[in-house]
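Coordinates as given in input-v6.pdb (PDB, N, CA and C atoms):
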```
MODEL        1
ATOM      1  N   MET A   1     -12.629 -98.414  60.456
ATOM      2  CA  MET A   1     -11.555 -97.667  59.819
ATOM      3  C   MET A   1     -10.232 -98.375  60.118
ATOM      4  N   SER A   2      -9.358 -98.465  59.141
ATOM      5  CA  SER A   2      -8.086 -99.144  59.345
ATOM      6  C   SER A   2      -7.121 -98.258  60.115
ATOM      7  N   SER A   3      -6.130 -98.897  60.700
ATOM      8  CA  SER A   3      -5.158 -98.132  61.483
ATOM      9  C   SER A   3      -4.270 -97.315  60.558
ATOM     10  N   PRO A   4      -3.669 -96.229  61.071
ATOM     11  CA  PRO A   4      -2.770 -95.418  60.247
ATOM     12  C   PRO A   4      -1.600 -96.235  59.699
ATOM     13  N   ARG A   5      -1.097 -97.183  60.494
ATOM     14  CA  ARG A   5       0.025 -98.008  60.046
ATOM     15  C   ARG A   5      -0.370 -98.824  58.822
ATOM     16  N   ARG A   6      -1.522 -99.426  58.870
ATOM     17  CA  ARG A   6      -1.986-100.219  57.727
ATOM     18  C   ARG A   6      -2.212 -99.314  56.515
ATOM     19  N   THR A   7      -2.792 -98.165  56.745
ATOM     20  CA  THR A   7      -3.012 -97.226  55.662
ATOM     21  C   THR A   7      -1.682 -96.823  55.026
ATOM     22  N   LEU A   8      -0.690 -96.552  55.853
ATOM     23  CA  LEU A   8       0.633 -96.220  55.329
ATOM     24  C   LEU A   8       1.214 -97.397  54.564
ATOM     25  N   ALA A   9       1.060 -98.589  55.089
ATOM     26  CA  ALA A   9       1.567 -99.773  54.411
ATOM     27  C   ALA A   9       0.906 -99.922  53.047
ATOM     28  N   ASP A  10      -0.390 -99.693  52.990
ATOM     29  CA  ASP A  10      -1.101 -99.771  51.711
ATOM     30  C   ASP A  10      -0.589 -98.719  50.731
ATOM     31  N   GLN A  11      -0.398 -97.515  51.217
ATOM     32  CA  GLN A  11       0.060 -96.431  50.357
ATOM     33  C   GLN A  11       1.491 -96.628  49.883
ATOM     34  N   LEU A  12       2.324 -97.211  50.739
ATOM     35  CA  LEU A  12       3.734 -97.393  50.395
ATOM     36  C   LEU A  12       3.983 -98.702  49.655
ATOM     37  N   GLY A  13       2.983 -99.565  49.603
ATOM     38  CA  GLY A  13       3.150-100.836  48.915
ATOM     39  C   GLY A  13       3.937-101.847  49.735
ATOM     40  N   GLY A  14       3.967-101.682  51.037
ATOM     41  CA  GLY A  14       4.681-102.581  51.930
ATOM     42  C   GLY A  14       4.769-101.964  53.304
ATOM     43  N   GLU A  15       5.437-102.665  54.190
ATOM     44  CA  GLU A  15       5.580-102.153  55.551
ATOM     45  C   GLU A  15       6.373-100.846  55.553
ATOM     46  N   PRO A  16       5.938 -99.883  56.372
ATOM     47  CA  PRO A  16       6.680 -98.625  56.487
ATOM     48  C   PRO A  16       8.069 -98.865  57.075
ATOM     49  N   PRO A  17       8.994 -97.976  56.821
ATOM     50  CA  PRO A  17      10.335 -98.097  57.400
ATOM     51  C   PRO A  17      10.270 -98.109  58.935
ATOM     52  N   GLU A  18      11.283 -98.664  59.557
ATOM     53  CA  GLU A  18      11.341 -98.795  61.014
ATOM     54  C   GLU A  18      11.176 -97.454  61.730
ATOM     55  N   GLY A  19      11.687 -96.379  61.170
ATOM     56  CA  GLY A  19      11.595 -95.070  61.810
ATOM     57  C   GLY A  19      10.167 -94.604  62.017
ATOM     58  N   ILE A  20       9.250 -95.098  61.215
ATOM     59  CA  ILE A  20       7.844 -94.713  61.329
ATOM     60  C   ILE A  20       7.258 -95.220  62.647
ATOM     61  N   LYS A  21       7.791 -96.318  63.177
ATOM     62  CA  LYS A  21       7.279 -96.875  64.437
ATOM     63  C   LYS A  21       7.429 -95.892  65.588
ATOM     64  N   ALA A  22       8.382 -94.990  65.501
ATOM     65  CA  ALA A  22       8.609 -94.012  66.571
ATOM     66  C   ALA A  22       7.531 -92.934  66.586
ATOM     67  N   LEU A  23       6.773 -92.809  65.529
ATOM     68  CA  LEU A  23       5.726 -91.792  65.452
ATOM     69  C   LEU A  23       4.499 -92.215  66.243
ATOM     70  N   SER A  24       3.790 -91.238  66.760
ATOM     71  CA  SER A  24       2.529 -91.530  67.452
ATOM     72  C   SER A  24       1.465 -91.866  66.409
ATOM     73  N   GLU A  25       0.353 -92.419  66.878
ATOM     74  CA  GLU A  25      -0.758 -92.745  65.971
ATOM     75  C   GLU A  25      -1.228 -91.491  65.223
ATOM     76  N   GLU A  26      -1.299 -90.385  65.945
ATOM     77  CA  GLU A  26      -1.742 -89.125  65.336
ATOM     78  C   GLU A  26      -0.767 -88.686  64.247
ATOM     79  N   GLU A  27       0.524 -88.799  64.512
ATOM     80  CA  GLU A  27       1.531 -88.406  63.521
ATOM     81  C   GLU A  27       1.497 -89.331  62.301
ATOM     82  N   ARG A  28       1.292 -90.621  62.543
ATOM     83  CA  ARG A  28       1.182 -91.558  61.407
ATOM     84  C   ARG A  28      -0.049 -91.263  60.572
ATOM     85  N   GLN A  29      -1.155 -90.907  61.247
ATOM     86  CA  GLN A  29      -2.365 -90.563  60.505
ATOM     87  C   GLN A  29      -2.139 -89.294  59.686
ATOM     88  N   HIS A  30      -1.456 -88.326  60.280
ATOM     89  CA  HIS A  30      -1.139 -87.085  59.557
ATOM     90  C   HIS A  30      -0.261 -87.391  58.342
ATOM     91  N   LEU A  31       0.731 -88.237  58.511
ATOM     92  CA  LEU A  31       1.600 -88.634  57.397
ATOM     93  C   LEU A  31       0.798 -89.332  56.311
ATOM     94  N   SER A  32      -0.095 -90.218  56.709
ATOM     95  CA  SER A  32      -0.948 -90.923  55.754
ATOM     96  C   SER A  32      -1.831 -89.949  54.979
ATOM     97  N   ASP A  33      -2.448 -89.015  55.696
ATOM     98  CA  ASP A  33      -3.308 -88.016  55.054
ATOM     99  C   ASP A  33      -2.501 -87.136  54.091
ATOM    100  N   THR A  34      -1.289 -86.777  54.504
ATOM    101  CA  THR A  34      -0.429 -85.951  53.666
ATOM    102  C   THR A  34      -0.021 -86.687  52.395
ATOM    103  N   LEU A  35       0.318 -87.962  52.520
ATOM    104  CA  LEU A  35       0.661 -88.765  51.341
ATOM    105  C   LEU A  35      -0.529 -88.881  50.388
ATOM    106  N   ARG A  36      -1.704 -89.113  50.965
ATOM    107  CA  ARG A  36      -2.910 -89.242  50.147
ATOM    108  C   ARG A  36      -3.180 -87.945  49.387
ATOM    109  N   ALA A  37      -3.061 -86.811  50.074
ATOM    110  CA  ALA A  37      -3.293 -85.510  49.430
ATOM    111  C   ALA A  37      -2.253 -85.243  48.347
ATOM    112  N   ALA A  38      -0.997 -85.609  48.602
ATOM    113  CA  ALA A  38       0.061 -85.407  47.606
ATOM    114  C   ALA A  38      -0.210 -86.250  46.371
ATOM    115  N   ARG A  39      -0.680 -87.471  46.560
ATOM    116  CA  ARG A  39      -0.985 -88.328  45.407
ATOM    117  C   ARG A  39      -2.159 -87.785  44.604
ATOM    118  N   ARG A  40      -3.130 -87.212  45.297
ATOM    119  CA  ARG A  40      -4.267 -86.595  44.582
ATOM    120  C   ARG A  40      -3.787 -85.405  43.747
ATOM    121  N   ARG A  41      -2.926 -84.568  44.353
ATOM    122  CA  ARG A  41      -2.390 -83.413  43.614
ATOM    123  C   ARG A  41      -1.561 -83.886  42.423
ATOM    124  N   GLN A  42      -0.783 -84.932  42.616
ATOM    125  CA  GLN A  42       0.041 -85.457  41.531
ATOM    126  C   GLN A  42      -0.849 -85.979  40.402
ATOM    127  N   ALA A  43      -1.909 -86.700  40.739
ATOM    128  CA  ALA A  43      -2.819 -87.223  39.728
ATOM    129  C   ALA A  43      -3.479 -86.080  38.954
ATOM    130  N   ALA A  44      -3.879 -85.039  39.672
ATOM    131  CA  ALA A  44      -4.494 -83.884  39.007
ATOM    132  C   ALA A  44      -3.498 -83.193  38.090
ATOM    133  N   ALA A  45      -2.254 -83.060  38.531
ATOM    134  CA  ALA A  45      -1.228 -82.422  37.706
ATOM    135  C   ALA A  45      -0.943 -83.254  36.458
ATOM    136  N   LEU A  46      -0.921 -84.564  36.604
ATOM    137  CA  LEU A  46      -0.691 -85.427  35.442
ATOM    138  C   LEU A  46      -1.844 -85.348  34.444
ATOM    139  N   THR A  47      -3.062 -85.270  34.974
ATOM    140  CA  THR A  47      -4.224 -85.135  34.089
ATOM    141  C   THR A  47      -4.168 -83.810  33.339
ATOM    142  N   THR A  48      -3.842 -82.748  34.049
ATOM    143  CA  THR A  48      -3.719 -81.432  33.420
ATOM    144  C   THR A  48      -2.626 -81.443  32.359
ATOM    145  N   ALA A  49      -1.497 -82.046  32.667
ATOM    146  CA  ALA A  49      -0.397 -82.119  31.706
ATOM    147  C   ALA A  49      -0.806 -82.911  30.467
ATOM    148  N   GLY A  50      -1.544 -83.980  30.677
ATOM    149  CA  GLY A  50      -2.027 -84.771  29.535
ATOM    150  C   GLY A  50      -2.970 -83.977  28.657
ATOM    151  N   GLU A  51      -3.878 -83.255  29.292
ATOM    152  CA  GLU A  51      -4.815 -82.422  28.532
ATOM    153  C   GLU A  51      -4.081 -81.306  27.790
ATOM    154  N   GLU A  52      -3.103 -80.702  28.439
ATOM    155  CA  GLU A  52      -2.310 -79.650  27.791
ATOM    156  C   GLU A  52      -1.536 -80.218  26.604
ATOM    157  N   GLY A  53      -1.023 -81.417  26.754
ATOM    158  CA  GLY A  53      -0.276 -82.055  25.675
ATOM    159  C   GLY A  53      -1.143 -82.343  24.459
ATOM    160  N   LEU A  54      -2.427 -82.561  24.696
ATOM    161  CA  LEU A  54      -3.338 -82.832  23.581
ATOM    162  C   LEU A  54      -3.519 -81.627  22.669
ATOM    163  N   LYS A  55      -3.179 -80.452  23.150
ATOM    164  CA  LYS A  55      -3.291 -79.254  22.310
ATOM    165  C   LYS A  55      -2.373 -79.345  21.095
ATOM    166  N   TYR A  56      -1.353 -80.188  21.187
ATOM    167  CA  TYR A  56      -0.398 -80.338  20.087
ATOM    168  C   TYR A  56      -0.798 -81.443  19.117
ATOM    169  N   VAL A  57      -1.895 -82.130  19.423
ATOM    170  CA  VAL A  57      -2.407 -83.188  18.563
ATOM    171  C   VAL A  57      -3.501 -82.573  17.692
ATOM    172  N   PRO A  58      -3.498 -82.880  16.406
ATOM    173  CA  PRO A  58      -4.558 -82.344  15.544
ATOM    174  C   PRO A  58      -5.949 -82.665  16.105
ATOM    175  N   ALA A  59      -6.863 -81.711  15.975
ATOM    176  CA  ALA A  59      -8.201 -81.817  16.570
ATOM    177  C   ALA A  59      -8.920 -83.110  16.181
ATOM    178  N   LEU A  60      -8.788 -83.543  14.957
ATOM    179  CA  LEU A  60      -9.486 -84.750  14.504
ATOM    180  C   LEU A  60      -8.974 -86.019  15.195
ATOM    181  N   LEU A  61      -7.769 -85.989  15.702
ATOM    182  CA  LEU A  61      -7.194 -87.169  16.339
ATOM    183  C   LEU A  61      -7.306 -87.159  17.857
ATOM    184  N   ARG A  62      -7.700 -86.052  18.446
ATOM    185  CA  ARG A  62      -7.687 -85.927  19.902
ATOM    186  C   ARG A  62      -8.547 -86.974  20.608
ATOM    187  N   GLY A  63      -9.721 -87.249  20.095
ATOM    188  CA  GLY A  63     -10.597 -88.250  20.722
ATOM    189  C   GLY A  63      -9.937 -89.620  20.758
ATOM    190  N   ALA A  64      -9.348 -90.007  19.638
ATOM    191  CA  ALA A  64      -8.681 -91.312  19.572
ATOM    192  C   ALA A  64      -7.462 -91.345  20.500
ATOM    193  N   VAL A  65      -6.703 -90.274  20.519
ATOM    194  CA  VAL A  65      -5.513 -90.219  21.370
ATOM    195  C   VAL A  65      -5.936 -90.260  22.847
ATOM    196  N   ARG A  66      -6.998 -89.543  23.200
ATOM    197  CA  ARG A  66      -7.494 -89.580  24.585
ATOM    198  C   ARG A  66      -7.843 -91.011  24.997
ATOM    199  N   LYS A  67      -8.509 -91.711  24.102
ATOM    200  CA  LYS A  67      -8.919 -93.080  24.400
ATOM    201  C   LYS A  67      -7.695 -93.975  24.575
ATOM    202  N   VAL A  68      -6.708 -93.822  23.721
ATOM    203  CA  VAL A  68      -5.513 -94.652  23.776
ATOM    204  C   VAL A  68      -4.709 -94.407  25.053
ATOM    205  N   VAL A  69      -4.562 -93.148  25.452
ATOM    206  CA  VAL A  69      -3.754 -92.838  26.628
ATOM    207  C   VAL A  69      -4.571 -92.838  27.926
ATOM    208  N   GLY A  70      -5.864 -93.029  27.836
ATOM    209  CA  GLY A  70      -6.701 -93.148  29.030
ATOM    210  C   GLY A  70      -7.070 -91.847  29.700
ATOM    211  N   LEU A  71      -7.232 -90.780  28.932
ATOM    212  CA  LEU A  71      -7.651 -89.501  29.520
ATOM    213  C   LEU A  71      -9.140 -89.327  29.436
TER
ENDMDL
END
```
Would it be possible to restate this file's structure as structure tokens?
Amino acid sequence: MSSPRRTLADQLGGEPPEGIKALSEEERQHLSDTLRAARRRQAAALTTAGEEGLKYVPALLRGAVRKVVGL
């Protein structure tokens, strides 16, 4: 298993800010887990919003629109 610091770096797309170094390993792991959960919730909300938006597309076009937008 990778360290919490590396996991945070992966999630943030680079090294975490200097203030993160003051956190304990447990706190960094908690932060990493929290970020991961927030991203999952965000992805689910975006998927739901996309599906809701399709209600405004005529039924015959929904399949094609889903394919184009990646839903």
Original post:
Looking at A:Ser32, A:Gln42, A:Thr48, A:Ser24, which one is nearest to Gln11 in chain A, with distances taken over only N, CA and C atoms?
Top reply: A:Ser32
Subject >> Gap from CA of Thr47 in chain A to CA of Lys67 in chain A - Å, one decimal >> reply: 13.4 Å
Which centre and which edge lengths, in Å to one decimal, describe the axis-aligned box that holds all listed atoms of range 19-35 of chain A after 5 Å is added on each side, as lines of an AutoDock Vina configuration file?
```
center_x = 4.2
center_y = -91.4
center_z = 58.9
size_x = 25.0
size_y = 20.9
size_z = 27.1
```
**OP:** Tell me, in Å to one decimal, how far atom C of Asp33 in chain A is from CA of Ala49 in chain A.
**Re:** 23.0 Å
Original post:
Can you tell me, as a PyMOL selection string, what residues are no more than 12 Å from Val69 in chain A when counting only C-alpha atoms, ignoring any on the same chain fewer than 5 positions away?
Top reply: chain A and resi 46-47+50-51+53-54+62-64
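Distance-wise, CA of Asp10 in chain A and CA of Ala43 in chain A end up 17.4 Å apart.
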Original post:
Could you pull out the alpha helix (DSSP H) residues of chain A from DSSP and send them as a ChimeraX atom specification?
Top reply: /A:4-12,25-53,59-69
**OP:** Please determine the residues with any atom at most 10 Å from (2.0, -91.6, 50.1) (coordinates as given in the file, with only C-alpha atoms counting) and report them as a VMD selection string.
**Re:** chain A and resid 7 to 13 31 to 40
Could you write out the selected residues, including N, CA and C atoms, as a short mmCIF file (atom, residue, chain, number, x, y, z; two decimals), in the coordinates of the input?
```cif
data_model
loop_
_atom_site.label_atom_id
_atom_site.label_comp_id
_atom_site.auth_asym_id
_atom_site.auth_seq_id
_atom_site.Cartn_x
_atom_site.Cartn_y
_atom_site.Cartn_z
N THR A 7 -2.79 -98.16 56.74
CA THR A 7 -3.01 -97.23 55.66
C THR A 7 -1.68 -96.82 55.03
N LEU A 8 -0.69 -96.55 55.85
CA LEU A 8 0.63 -96.22 55.33
C LEU A 8 1.21 -97.40 54.56
N ALA A 9 1.06 -98.59 55.09
CA ALA A 9 1.57 -99.77 54.41
C ALA A 9 0.91 -99.92 53.05
N ASP A 10 -0.39 -99.69 52.99
CA ASP A 10 -1.10 -99.77 51.71
C ASP A 10 -0.59 -98.72 50.73
N GLN A 11 -0.40 -97.52 51.22
CA GLN A 11 0.06 -96.43 50.36
C GLN A 11 1.49 -96.63 49.88
N LEU A 12 2.32 -97.21 50.74
CA LEU A 12 3.73 -97.39 50.40
C LEU A 12 3.98 -98.70 49.66
N GLY A 13 2.98 -99.56 49.60
CA GLY A 13 3.15 -100.84 48.92
C GLY A 13 3.94 -101.85 49.74
N LEU A 31 0.73 -88.24 58.51
CA LEU A 31 1.60 -88.63 57.40
C LEU A 31 0.80 -89.33 56.31
N SER A 32 -0.10 -90.22 56.71
CA SER A 32 -0.95 -90.92 55.75
C SER A 32 -1.83 -89.95 54.98
N ASP A 33 -2.45 -89.02 55.70
CA ASP A 33 -3.31 -88.02 55.05
C ASP A 33 -2.50 -87.14 54.09
N THR A 34 -1.29 -86.78 54.50
CA THR A 34 -0.43 -85.95 53.67
C THR A 34 -0.02 -86.69 52.40
N LEU A 35 0.32 -87.96 52.52
CA LEU A 35 0.66 -88.76 51.34
C LEU A 35 -0.53 -88.88 50.39
N ARG A 36 -1.70 -89.11 50.96
CA ARG A 36 -2.91 -89.24 50.15
C ARG A 36 -3.18 -87.94 49.39
N ALA A 37 -3.06 -86.81 50.07
CA ALA A 37 -3.29 -85.51 49.43
C ALA A 37 -2.25 -85.24 48.35
N ALA A 38 -1.00 -85.61 48.60
CA ALA A 38 0.06 -85.41 47.61
C ALA A 38 -0.21 -86.25 46.37
N ARG A 39 -0.68 -87.47 46.56
CA ARG A 39 -0.98 -88.33 45.41
C ARG A 39 -2.16 -87.78 44.60
N ARG A 40 -3.13 -87.21 45.30
CA ARG A 40 -4.27 -86.60 44.58
C ARG A 40 -3.79 -85.40 43.75
#
```
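Remark: for Pro16 in chain A, the closest of the candidate residues A:Leu71, A:Val65, A:Ala59, A:Arg28 is A:Arg28 (distances computed over only C-alpha atoms).
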For range 39-50 of chain A, supply all heavy atoms and format the output as a PDB file, keeping the file's coordinate frame.
```
ATOM      1  N   ARG A  39      -0.680 -87.471  46.560  1.00  0.00           N
ATOM      2  CA  ARG A  39      -0.985 -88.328  45.407  1.00  0.00           C
ATOM      3  C   ARG A  39      -2.159 -87.785  44.604  1.00  0.00           C
ATOM      4  O   ARG A  39      -2.173 -87.871  43.380  1.00  0.00           O
ATOM      5  CB  ARG A  39      -1.249 -89.749  45.885  1.00  0.00           C
ATOM      6  CG  ARG A  39       0.027 -90.384  46.381  1.00  0.00           C
ATOM      7  CD  ARG A  39       0.084 -91.846  46.054  1.00  0.00           C
ATOM      8  NE  ARG A  39       1.432 -92.340  46.302  1.00  0.00           N
ATOM      9  CZ  ARG A  39       1.714 -93.349  47.099  1.00  0.00           C
ATOM     10  NH1 ARG A  39       0.747 -93.991  47.709  1.00  0.00           N
ATOM     11  NH2 ARG A  39       2.960 -93.728  47.267  1.00  0.00           N
ATOM     12  N   ARG A  40      -3.130 -87.212  45.297  1.00  0.00           N
ATOM     13  CA  ARG A  40      -4.267 -86.595  44.582  1.00  0.00           C
ATOM     14  C   ARG A  40      -3.787 -85.405  43.747  1.00  0.00           C
ATOM     15  O   ARG A  40      -4.198 -85.233  42.609  1.00  0.00           O
ATOM     16  CB  ARG A  40      -5.339 -86.150  45.561  1.00  0.00           C
ATOM     17  CG  ARG A  40      -6.157 -87.274  46.094  1.00  0.00           C
ATOM     18  CD  ARG A  40      -7.311 -86.752  46.934  1.00  0.00           C
ATOM     19  NE  ARG A  40      -7.946 -87.851  47.625  1.00  0.00           N
ATOM     20  CZ  ARG A  40      -8.249 -87.862  48.909  1.00  0.00           C
ATOM     21  NH1 ARG A  40      -8.007 -86.805  49.650  1.00  0.00           N
ATOM     22  NH2 ARG A  40      -8.822 -88.902  49.457  1.00  0.00           N
ATOM     23  N   ARG A  41      -2.926 -84.568  44.353  1.00  0.00           N
ATOM     24  CA  ARG A  41      -2.390 -83.413  43.614  1.00  0.00           C
ATOM     25  C   ARG A  41      -1.561 -83.886  42.423  1.00  0.00           C
ATOM     26  O   ARG A  41      -1.637 -83.309  41.336  1.00  0.00           O
ATOM     27  CB  ARG A  41      -1.539 -82.533  44.530  1.00  0.00           C
ATOM     28  CG  ARG A  41      -2.336 -81.685  45.490  1.00  0.00           C
ATOM     29  CD  ARG A  41      -1.485 -80.638  46.193  1.00  0.00           C
ATOM     30  NE  ARG A  41      -0.290 -81.170  46.823  1.00  0.00           N
ATOM     31  CZ  ARG A  41      -0.216 -81.670  48.051  1.00  0.00           C
ATOM     32  NH1 ARG A  41      -1.306 -81.707  48.799  1.00  0.00           N
ATOM     33  NH2 ARG A  41       0.919 -82.115  48.543  1.00  0.00           N
ATOM     34  N   GLN A  42      -0.783 -84.932  42.616  1.00  0.00           N
ATOM     35  CA  GLN A  42       0.041 -85.457  41.531  1.00  0.00           C
ATOM     36  C   GLN A  42      -0.849 -85.979  40.402  1.00  0.00           C
ATOM     37  O   GLN A  42      -0.579 -85.717  39.222  1.00  0.00           O
ATOM     38  CB  GLN A  42       0.937 -86.572  42.049  1.00  0.00           C
ATOM     39  CG  GLN A  42       1.850 -87.148  40.984  1.00  0.00           C
ATOM     40  CD  GLN A  42       2.686 -88.296  41.515  1.00  0.00           C
ATOM     41  OE1 GLN A  42       2.226 -89.069  42.363  1.00  0.00           O
ATOM     42  NE2 GLN A  42       3.908 -88.404  41.038  1.00  0.00           N
ATOM     43  N   ALA A  43      -1.909 -86.700  40.739  1.00  0.00           N
ATOM     44  CA  ALA A  43      -2.819 -87.223  39.728  1.00  0.00           C
ATOM     45  C   ALA A  43      -3.479 -86.080  38.954  1.00  0.00           C
ATOM     46  O   ALA A  43      -3.608 -86.138  37.726  1.00  0.00           O
ATOM     47  CB  ALA A  43      -3.875 -88.116  40.365  1.00  0.00           C
ATOM     48  N   ALA A  44      -3.879 -85.039  39.672  1.00  0.00           N
ATOM     49  CA  ALA A  44      -4.494 -83.884  39.007  1.00  0.00           C
ATOM     50  C   ALA A  44      -3.498 -83.193  38.090  1.00  0.00           C
ATOM     51  O   ALA A  44      -3.845 -82.801  36.968  1.00  0.00           O
ATOM     52  CB  ALA A  44      -5.027 -82.898  40.052  1.00  0.00           C
ATOM     53  N   ALA A  45      -2.254 -83.060  38.531  1.00  0.00           N
ATOM     54  CA  ALA A  45      -1.228 -82.422  37.706  1.00  0.00           C
ATOM     55  C   ALA A  45      -0.943 -83.254  36.458  1.00  0.00           C
ATOM     56  O   ALA A  45      -0.765 -82.699  35.363  1.00  0.00           O
ATOM     57  CB  ALA A  45       0.058 -82.223  38.502  1.00  0.00           C
ATOM     58  N   LEU A  46      -0.921 -84.564  36.604  1.00  0.00           N
ATOM     59  CA  LEU A  46      -0.691 -85.427  35.442  1.00  0.00           C
ATOM     60  C   LEU A  46      -1.844 -85.348  34.444  1.00  0.00           C
ATOM     61  O   LEU A  46      -1.624 -85.325  33.233  1.00  0.00           O
ATOM     62  CB  LEU A  46      -0.478 -86.875  35.883  1.00  0.00           C
ATOM     63  CG  LEU A  46       0.854 -87.165  36.544  1.00  0.00           C
ATOM     64  CD1 LEU A  46       0.858 -88.561  37.150  1.00  0.00           C
ATOM     65  CD2 LEU A  46       1.993 -87.008  35.551  1.00  0.00           C
ATOM     66  N   THR A  47      -3.062 -85.270  34.974  1.00  0.00           N
ATOM     67  CA  THR A  47      -4.224 -85.135  34.089  1.00  0.00           C
ATOM     68  C   THR A  47      -4.168 -83.810  33.339  1.00  0.00           C
ATOM     69  O   THR A  47      -4.388 -83.758  32.123  1.00  0.00           O
ATOM     70  CB  THR A  47      -5.529 -85.232  34.902  1.00  0.00           C
ATOM     71  OG1 THR A  47      -5.583 -86.518  35.519  1.00  0.00           O
ATOM     72  CG2 THR A  47      -6.745 -85.049  34.016  1.00  0.00           C
ATOM     73  N   THR A  48      -3.842 -82.748  34.049  1.00  0.00           N
ATOM     74  CA  THR A  48      -3.719 -81.432  33.420  1.00  0.00           C
ATOM     75  C   THR A  48      -2.626 -81.443  32.359  1.00  0.00           C
ATOM     76  O   THR A  48      -2.821 -80.921  31.252  1.00  0.00           O
ATOM     77  CB  THR A  48      -3.424 -80.353  34.481  1.00  0.00           C
ATOM     78  OG1 THR A  48      -4.497 -80.326  35.415  1.00  0.00           O
ATOM     79  CG2 THR A  48      -3.257 -78.983  33.849  1.00  0.00           C
ATOM     80  N   ALA A  49      -1.497 -82.046  32.667  1.00  0.00           N
ATOM     81  CA  ALA A  49      -0.397 -82.119  31.706  1.00  0.00           C
ATOM     82  C   ALA A  49      -0.806 -82.911  30.467  1.00  0.00           C
ATOM     83  O   ALA A  49      -0.475 -82.527  29.338  1.00  0.00           O
ATOM     84  CB  ALA A  49       0.829 -82.748  32.347  1.00  0.00           C
ATOM     85  N   GLY A  50      -1.544 -83.980  30.677  1.00  0.00           N
ATOM     86  CA  GLY A  50      -2.027 -84.771  29.535  1.00  0.00           C
ATOM     87  C   GLY A  50      -2.970 -83.977  28.657  1.00  0.00           C
ATOM     88  O   GLY A  50      -2.870 -84.003  27.425  1.00  0.00           O
TER      89      GLY A  50
END
```
